[in-house]
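Trainee: As input, take my_file_28.cif (mmCIF, C-alpha atoms):
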```cif
data_upload
loop_
_atom_site.label_atom_id
_atom_site.label_comp_id
_atom_site.auth_asym_id
_atom_site.auth_seq_id
_atom_site.Cartn_x
_atom_site.Cartn_y
_atom_site.Cartn_z
CA MET A 10 92.56 89.78 65.77
CA SER A 11 90.45 92.79 66.65
CA MET A 12 87.67 93.91 64.32
CA GLY A 13 88.15 97.41 65.64
CA GLY A 14 91.77 97.55 64.54
CA ASP A 15 93.99 100.12 66.21
CA ASP A 16 91.54 102.11 68.31
CA GLY A 17 94.26 104.23 69.80
CA TYR A 18 93.89 102.92 73.33
CA GLY A 19 97.12 103.21 75.23
CA GLY A 20 100.14 105.19 74.21
CA ASP A 21 103.40 104.70 72.37
CA TYR A 22 106.18 103.23 74.44
CA ASP A 23 109.91 102.70 74.17
CA GLY A 24 111.29 99.28 74.98
CA HIS A 25 114.74 97.94 75.55
CA ASP A 26 116.26 94.68 74.47
CA THR A 27 118.41 92.26 76.31
CA GLY A 28 121.03 89.98 74.85
CA ARG A 29 123.50 87.32 75.74
CA GLY A 30 127.23 87.75 75.70
CA ARG A 31 129.62 85.13 74.42
CA GLY A 32 132.83 84.43 76.29
CA ALA A 33 136.08 83.01 74.96
CA ALA A 34 138.00 80.10 76.44
CA SER A 35 141.57 79.00 75.98
CA ASP A 36 143.09 75.53 76.39
CA THR A 37 146.06 75.08 78.73
CA HIS A 38 148.09 71.84 78.53
CA LEU A 39 149.69 70.72 81.81
CA THR A 40 151.96 67.75 82.48
CA ARG A 41 151.75 66.08 85.87
CA THR A 42 154.46 63.74 87.19
CA ARG A 43 153.62 61.30 89.96
CA LEU A 44 156.54 60.38 92.22
CA PRO A 45 156.77 56.75 93.37
CA GLU A 46 155.99 55.70 96.92
CA GLY A 47 157.83 52.64 98.16
CA ASP A 48 158.54 49.64 95.94
CA GLY A 49 155.29 49.65 93.99
CA ASP A 50 154.60 50.66 90.42
CA PRO A 51 155.95 54.21 90.05
CA TYR A 52 153.05 55.09 87.72
CA GLY A 53 150.34 53.36 89.75
CA PRO A 54 148.23 54.74 92.60
CA PRO A 55 150.09 55.58 95.81
CA ARG A 56 150.11 53.01 98.58
CA ARG A 57 148.27 53.71 101.78
CA GLY A 58 149.48 52.58 105.15
CA PRO A 59 147.37 50.69 107.69
CA GLY A 60 146.59 53.83 109.63
CA ARG A 61 145.52 55.96 106.68
CA THR A 62 141.89 56.58 105.77
CA ALA A 63 140.94 56.71 102.09
CA LYS A 64 139.69 60.05 100.87
CA PRO A 65 136.26 60.09 99.22
CA SER A 66 136.28 59.88 95.44
CA ARG A 67 135.87 63.13 93.55
CA ASN A 68 133.24 61.46 91.38
CA LEU A 69 131.23 60.52 94.46
CA ILE A 70 131.38 64.09 95.78
CA THR A 71 130.25 65.39 92.38
CA VAL A 72 127.29 62.98 92.23
CA VAL A 73 126.17 63.88 95.76
CA GLY A 74 126.43 67.59 94.94
CA VAL A 75 124.32 67.21 91.80
CA VAL A 76 121.63 65.26 93.70
CA VAL A 77 121.47 67.92 96.42
CA LEU A 78 121.12 70.72 93.83
CA LEU A 79 118.44 68.76 91.96
CA LEU A 80 116.39 68.23 95.13
CA ALA A 81 116.70 71.92 95.98
CA ALA A 82 115.52 72.91 92.48
CA ILE A 83 112.49 70.60 92.68
CA ALA A 84 111.56 71.99 96.09
CA PHE A 85 111.82 75.55 94.75
CA VAL A 86 109.64 74.86 91.70
CA ASN A 87 107.00 73.11 93.79
CA ARG A 88 106.85 75.77 96.43
CA GLY A 89 103.72 77.88 96.66
CA GLY A 90 100.20 77.11 97.72
CA GLY A 91 99.71 80.36 99.57
CA LYS A 92 98.66 83.70 98.15
CA ASP A 93 101.48 85.75 96.62
CA SER A 94 102.47 88.80 98.59
CA ASP A 95 102.41 92.27 97.11
CA SER A 96 106.18 92.46 97.19
CA ASP A 97 106.81 89.46 94.94
CA GLY A 98 106.57 91.37 91.67
CA GLY A 99 109.13 94.09 92.38
CA GLY A 100 109.32 97.36 90.51
CA ALA A 101 106.46 98.90 92.46
CA ASN A 102 108.06 102.33 92.34
CA GLY A 103 107.20 102.93 88.70
CA THR A 104 110.37 101.45 87.23
CA SER A 105 110.41 99.76 83.84
CA ALA A 106 111.12 96.02 83.87
CA GLU A 107 113.67 94.25 81.71
CA SER A 108 112.26 91.72 79.28
CA GLN A 109 112.48 88.36 81.02
CA PRO A 110 111.89 84.83 79.74
CA THR A 111 108.54 83.26 80.50
CA ALA A 112 109.15 80.37 82.86
CA PRO A 113 107.42 78.52 85.72
CA THR A 114 107.94 80.22 89.07
CA GLY A 115 105.80 78.20 91.45
CA GLN A 116 103.40 81.12 91.98
CA ARG A 117 99.72 80.44 91.51
CA PRO A 118 98.45 82.52 88.56
CA VAL A 119 94.85 83.11 89.69
CA GLU A 120 92.44 82.21 92.45
CA GLY A 121 89.31 81.72 90.36
CA LYS A 122 87.38 82.57 87.24
CA ASN A 123 84.04 84.08 86.28
CA SER A 124 81.35 81.40 86.12
CA VAL A 125 79.62 82.99 83.11
CA THR A 126 82.48 84.06 80.85
CA GLY A 127 85.15 81.62 82.03
CA ILE A 128 87.73 84.43 82.18
CA ALA A 129 90.31 83.99 84.92
CA SER A 130 90.19 86.43 87.83
CA GLY A 131 91.98 87.15 91.08
CA PHE A 132 95.38 87.99 89.57
CA PRO A 133 98.06 88.89 92.15
CA LYS A 134 99.15 92.50 92.57
CA THR A 135 102.56 91.89 91.02
CA GLU A 136 104.26 92.30 87.65
CA GLN A 137 103.67 88.63 86.94
CA GLY A 138 100.03 89.02 87.92
CA ALA A 139 99.66 91.91 85.46
CA GLN A 140 101.24 89.84 82.70
CA SER A 141 98.93 86.91 83.42
CA ALA A 142 95.90 89.21 83.31
CA ALA A 143 97.00 90.77 80.02
CA ALA A 144 97.60 87.35 78.42
CA ASN A 145 94.17 86.04 79.44
CA TYR A 146 92.44 89.21 78.32
CA ALA A 147 94.19 88.99 74.94
CA VAL A 148 92.75 85.49 74.49
CA ALA A 149 89.23 86.73 75.28
CA LEU A 150 89.50 89.77 73.00
CA GLY A 151 90.62 87.56 70.12
CA SER A 152 87.96 84.89 70.60
CA ALA A 153 84.96 84.11 68.41
CA ASP A 154 82.70 85.21 71.30
CA MET A 155 83.55 88.82 70.50
CA PHE A 156 81.60 88.49 67.25
CA ASN A 157 78.38 87.71 69.14
CA ARG A 158 76.74 90.79 70.67
CA GLU A 159 75.30 89.00 73.71
CA ARG A 160 78.57 87.26 74.58
CA ARG A 161 80.55 90.44 73.93
CA HIS A 162 78.39 92.35 76.40
CA GLU A 163 79.22 89.69 79.00
CA LEU A 164 82.96 89.68 78.29
CA VAL A 165 83.72 93.39 78.20
CA PRO A 166 82.68 94.14 81.83
CA GLN A 167 84.86 91.24 82.99
CA ILE A 168 87.92 92.53 81.12
CA PHE A 169 87.66 96.31 81.53
CA THR A 170 87.15 98.69 84.40
CA SER A 171 83.61 99.95 84.94
CA ALA A 172 84.74 103.42 83.86
CA ALA A 173 86.05 102.13 80.53
CA ALA A 174 83.58 99.34 79.74
CA GLY A 175 80.58 101.51 78.79
CA SER A 176 82.20 103.66 76.11
CA LEU A 177 84.24 100.76 74.77
CA GLN A 178 81.14 98.61 74.46
CA THR A 179 79.59 101.22 72.17
CA LYS A 180 82.71 101.36 69.98
CA LEU A 181 82.89 97.60 69.71
CA ASP A 182 79.21 97.35 68.75
CA LYS A 183 79.95 99.67 65.84
CA ALA A 184 83.09 97.75 64.89
CA TYR A 185 81.18 94.44 64.91
CA SER A 186 78.24 95.84 62.96
CA ALA A 187 76.00 93.70 60.74
CA ASP A 188 77.77 95.03 57.64
CA SER A 189 81.19 94.16 59.07
CA LEU A 190 80.07 90.67 59.97
CA GLU A 191 78.50 90.14 56.56
CA ARG A 192 81.78 91.02 54.85
CA ILE A 193 83.47 88.06 56.55
CA GLY A 194 80.56 85.72 55.91
CA LEU A 195 78.81 85.82 59.31
CA ASP A 196 75.23 86.59 60.26
CA THR A 197 74.18 89.22 62.80
CA ASP A 198 74.82 86.76 65.65
CA GLY A 199 78.39 86.18 64.50
CA LYS A 200 77.66 82.68 63.24
CA ALA A 201 78.91 81.06 60.04
CA PRO A 202 76.51 79.56 57.46
CA GLU A 203 75.19 76.07 58.11
CA GLY A 204 77.84 73.43 57.59
CA MET A 205 80.67 75.85 58.28
CA THR A 206 82.60 76.84 61.43
CA TYR A 207 83.93 80.29 62.18
CA VAL A 208 87.35 80.14 63.81
CA SER A 209 88.86 82.93 65.90
CA ARG A 210 91.39 81.82 68.50
CA THR A 211 94.34 83.68 69.97
CA ALA A 212 97.41 82.19 71.66
CA PRO A 213 99.87 84.40 73.58
CA ILE A 214 103.53 83.74 72.76
CA GLY A 215 105.03 86.03 75.38
CA THR A 216 104.48 89.13 77.50
CA LYS A 217 106.52 92.21 78.31
CA VAL A 218 105.95 94.83 80.99
CA ARG A 219 106.35 98.35 79.61
CA LYS A 220 105.44 100.20 82.79
CA PHE A 221 104.58 99.06 86.28
CA ALA A 222 103.49 100.93 89.40
CA ALA A 223 101.50 100.11 92.52
CA THR A 224 98.08 100.43 90.85
CA ALA A 225 98.82 100.66 87.11
CA ALA A 226 100.65 98.68 84.46
CA THR A 227 101.18 98.62 80.72
CA VAL A 228 101.77 95.17 79.25
CA GLU A 229 102.45 94.02 75.70
CA VAL A 230 101.27 90.56 74.65
CA TRP A 231 102.84 89.02 71.56
CA CYS A 232 100.23 86.73 69.98
CA THR A 233 99.54 84.39 67.16
CA GLY A 234 96.16 83.08 66.16
CA VAL A 235 93.92 81.40 63.60
CA PHE A 236 91.03 83.28 62.00
CA GLY A 237 88.52 82.56 59.25
CA THR A 238 85.66 80.27 58.22
CA ALA A 239 86.26 76.54 57.87
CA GLY A 240 84.04 74.71 55.41
CA GLU A 241 83.67 73.72 51.80
CA GLY A 242 83.37 76.75 49.55
CA SER A 243 84.43 79.24 52.22
CA LYS A 244 85.31 82.66 50.85
CA ASN A 245 87.20 83.49 54.04
CA PRO A 246 89.46 80.47 54.68
CA VAL A 247 91.21 80.03 58.01
CA THR A 248 94.62 81.69 58.10
CA ASN A 249 97.13 82.46 60.82
CA ASP A 250 98.18 85.91 62.02
CA TRP A 251 100.85 87.47 64.26
CA PHE A 252 100.20 90.64 66.23
CA THR A 253 100.93 92.45 69.48
CA LEU A 254 98.29 93.76 71.89
CA THR A 255 99.19 96.57 74.29
CA LEU A 256 96.91 96.69 77.33
CA LYS A 257 96.76 99.46 79.92
CA LEU A 258 95.80 97.86 83.24
CA ARG A 259 94.50 99.30 86.50
CA TRP A 260 94.34 97.65 89.94
CA VAL A 261 90.63 97.81 90.81
CA ASP A 262 88.67 95.81 93.42
CA ASN A 263 91.67 93.58 94.19
CA ASP A 264 92.23 92.58 90.58
CA TRP A 265 93.83 93.80 87.36
CA LYS A 266 91.37 95.24 84.82
CA ALA A 267 92.02 96.84 81.44
CA GLU A 268 91.44 100.53 80.80
CA GLY A 269 92.11 100.24 77.08
CA TYR A 270 94.08 98.40 74.44
CA ARG A 271 95.52 98.76 70.98
CA GLN A 272 96.85 96.34 68.39
CA LYS A 273 99.70 96.34 65.90
CA ASP A 274 100.95 93.77 63.40
CA GLY A 275 103.87 91.41 64.10
CA PRO A 276 106.51 90.45 64.91
CA ALA A 277 105.88 87.67 62.38
CA PRO A 278 108.22 84.77 61.48
CA VAL A 279 108.82 83.41 58.00
CA ASN A 280 106.01 81.11 56.90
CA SER A 281 106.95 77.44 56.64
CA ASP A 282 106.18 75.25 53.66
CA ARG A 283 103.94 72.96 55.71
CA THR A 284 100.89 71.71 53.79
CA ALA A 285 97.69 73.36 54.99
CA SER A 286 95.12 71.13 56.71
CA THR A 287 91.68 70.61 55.23
CA ALA A 288 88.74 72.74 56.32
CA ASP A 289 87.24 69.70 58.07
CA GLU A 290 90.44 69.10 60.07
CA ILE A 291 90.54 72.73 61.19
CA ALA A 292 86.87 72.69 62.24
CA LYS A 293 87.35 69.47 64.24
CA ALA A 294 90.48 70.85 65.91
CA VAL A 295 88.59 73.91 67.15
CA GLU A 296 85.85 71.68 68.58
CA GLN A 297 88.18 69.12 70.15
CA TYR A 298 90.98 71.25 71.60
CA GLY A 299 90.15 73.54 74.49
CA GLY A 300 91.89 76.74 75.53
CA PHE A 301 94.10 77.54 78.52
CA THR A 302 94.40 79.83 81.48
CA TYR A 303 97.65 81.67 80.83
CA ALA A 304 100.12 82.52 83.57
CA ARG A 305 103.45 84.35 83.60
#
```
Would you write out, as structure tokens, the structure that this file holds?

Mentor:
Amino acid sequence: MSMGGDDGYGGDYDGHDTGRGRGAASDTHLTRTRLPEGDGDPYGPPRRGPGRTAKPSRNLITVVGVVVLLLAAIAFVNRGGGKDSDSDGGGANGTSAESQPTAPTGQRPVEGKNSVTGIASGFPKTEQGAQSAAANYAVALGSADMFNRERRHELVPQIFTSAAAGSLQTKLDKAYSADSLERIGLDTDGKAPEGMTYVSRTAPIGTKVRKFAATAATVEVWCTGVFGTAGEGSKNPVTNDWFTLTLKLRWVDNDWKAEGYRQKDGPAPVNSDRTASTADEIAKAVEQYGGFTYAR
């Protein structure tokens, strides 16, 4: 959730959907007649002479084939360990990518992270690298650290290009003003009253590349999150939200950095009838469960 709302960073883009087709099958009934060999049971297995060699069972061949395919799949998933080449991502000629399922690929997502902010860095110069960068930046932009001026001034330069960070920092300082923080029950440092815990945590659900070129990319990150103040008597209880962040990325200093972003609501599923947890349970969950480094 961004305090700044839709700041107009990025443009409007057209996507395209993919679907699955459904085939039809028909049943064919065949009758097979086995002719007798010799004096044995005419409906039993054929006899084999002393000089004949038994053919391997079809079941045995099937089992061996499955084992070989399984070993090959495991070797493919566990491959990696070296740095991804620039050609791994494809689409470097400015083509739009089809929406693809998020799945393990064996590629290492990042090579390191910033020691101060904890934000991942060193994303590969590929479509998957751009998606990983966008997902991790979405987590940082939706974190409780953004409500603290000092932490925000550390995060922004790690997320955005140097050309974009300065002006954006000024806009965010206005968006997270003392009046804005007071309206959601926080002090000027972005902290909740004593005995309460402010919760702001974002979790990416999926990513989609809108545009990709050699040094630029536009990536959408579909997110959910929990936001609010946990504690007895809270006037801003913790609720969940669904939204999509669109980030414009630029390849700068051997890494993907954001030039701007914008946010829109949804897509949101139907709410379940699950009983809400207590404020104490939510506060403990935030303290006990850490976040992740996200990779495409």

Trainee: Dig up all the protein and nucleic acid residues within 10 Å of (78.8, 93.5, 72.3) in the file frame, using all atoms listed in the file, and format them as a short mmCIF file (atom, residue, chain, number, x, y, z; two decimals) with C-alpha atoms, keeping the file's coordinate frame.

Mentor:
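File point-v4.cif, as written:
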```cif
data_model
loop_
_atom_site.label_atom_id
_atom_site.label_comp_id
_atom_site.auth_asym_id
_atom_site.auth_seq_id
_atom_site.Cartn_x
_atom_site.Cartn_y
_atom_site.Cartn_z
CA ASP A 154 82.70 85.21 71.30
CA MET A 155 83.55 88.82 70.50
CA PHE A 156 81.60 88.49 67.25
CA ASN A 157 78.38 87.71 69.14
CA ARG A 158 76.74 90.79 70.67
CA GLU A 159 75.30 89.00 73.71
CA ARG A 160 78.57 87.26 74.58
CA ARG A 161 80.55 90.44 73.93
CA HIS A 162 78.39 92.35 76.40
CA GLU A 163 79.22 89.69 79.00
CA LEU A 164 82.96 89.68 78.29
CA VAL A 165 83.72 93.39 78.20
CA LEU A 177 84.24 100.76 74.77
CA GLN A 178 81.14 98.61 74.46
CA THR A 179 79.59 101.22 72.17
CA LYS A 180 82.71 101.36 69.98
CA LEU A 181 82.89 97.60 69.71
CA ASP A 182 79.21 97.35 68.75
CA LYS A 183 79.95 99.67 65.84
CA ALA A 184 83.09 97.75 64.89
CA TYR A 185 81.18 94.44 64.91
CA SER A 186 78.24 95.84 62.96
#
```

Trainee: By how many Å are atom CA of A:Leu254 and atom CA of A:Thr284 apart?

Mentor: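 Computed distance, atom CA of A:Leu254 to atom CA of A:Thr284, equals 28.6 Å.
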
Trainee: What does the distance from atom CA of A:Asn145 to atom CA of A:Asp264 come to in Å, to one decimal?

Mentor: 13.1 Å

Trainee: May I ask for the distance between atom CA of A:Leu150 and atom CA of A:Gly299, given in Å to one decimal place?

Mentor: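 Taking atom CA of A:Leu150 as the start and atom CA of A:Gly299 as the end point, the length is 16.3 Å.
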
Trainee: Return as a list in words the set of residues that the PyMOL selection byres ((chain A and resi 218-232) around 6) yields on the displayed structure.

Mentor: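 Selected by the PyMOL selection byres ((chain A and resi 218-232) around 6) here: Ala101, Asn102, Gly103, Ser105, Ala212, Pro213, Ile214, Gly215, Thr216, Lys217, Thr233, Trp251, Phe252, Thr253, Leu254, Thr255, Leu256, Lys257, Leu258, Arg259 and Trp260 of chain A.
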
Trainee: Taking only C-alpha atoms into account, which of A:Arg192, A:Lys293, A:Arg210, A:Lys266 comes nearest A:Val148?

Mentor: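 That would be A:Arg210, the residue with the smallest distance to A:Val148.
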
Trainee: Translate the PyMOL selection byres ((chain A and resi 287-290) around 6) into a concrete residue list for this structure, as number ranges by chain.

Mentor: A: 239-240, 286, 291-293

Trainee: Set the distance at 10 Å and use all atoms listed in the file: which residues neighbour A:Ala142 once local chain neighbours fewer than 4 positions away are removed? I'd like the list as a CSV table (one decimal) with C-alpha atoms, keeping the file's coordinate frame.

Mentor:
```
chain,number,residue,atom,x,y,z
A,118,PRO,CA,98.4,82.5,88.6
A,119,VAL,CA,94.8,83.1,89.7
A,128,ILE,CA,87.7,84.4,82.2
A,129,ALA,CA,90.3,84.0,84.9
A,130,SER,CA,90.2,86.4,87.8
A,131,GLY,CA,92.0,87.2,91.1
A,132,PHE,CA,95.4,88.0,89.6
A,133,PRO,CA,98.1,88.9,92.2
A,136,GLU,CA,104.3,92.3,87.6
A,137,GLN,CA,103.7,88.6,86.9
A,138,GLY,CA,100.0,89.0,87.9
A,146,TYR,CA,92.4,89.2,78.3
A,147,ALA,CA,94.2,89.0,74.9
A,168,ILE,CA,87.9,92.5,81.1
A,228,VAL,CA,101.8,95.2,79.2
A,256,LEU,CA,96.9,96.7,77.3
A,258,LEU,CA,95.8,97.9,83.2
A,264,ASP,CA,92.2,92.6,90.6
A,265,TRP,CA,93.8,93.8,87.4
A,266,LYS,CA,91.4,95.2,84.8
A,267,ALA,CA,92.0,96.8,81.4
A,302,THR,CA,94.4,79.8,81.5
A,303,TYR,CA,97.6,81.7,80.8
A,304,ALA,CA,100.1,82.5,83.6
A,305,ARG,CA,103.4,84.4,83.6
```

Trainee: When distances are computed from only C-alpha atoms, which of A:Gln297, A:Ser176, A:Gln167, A:Thr238 shows the smallest separation from A:Lys200?

Mentor: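 Under the stated criterion, the closest residue is A:Thr238.
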
Trainee: Of the candidates A:Ser281, A:Thr197, A:Thr211, A:Thr248, which one gets nearest to A:Ala153 if we count only C-alpha atoms?

Mentor: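 So, comparing all the options, the nearest one is A:Thr211.
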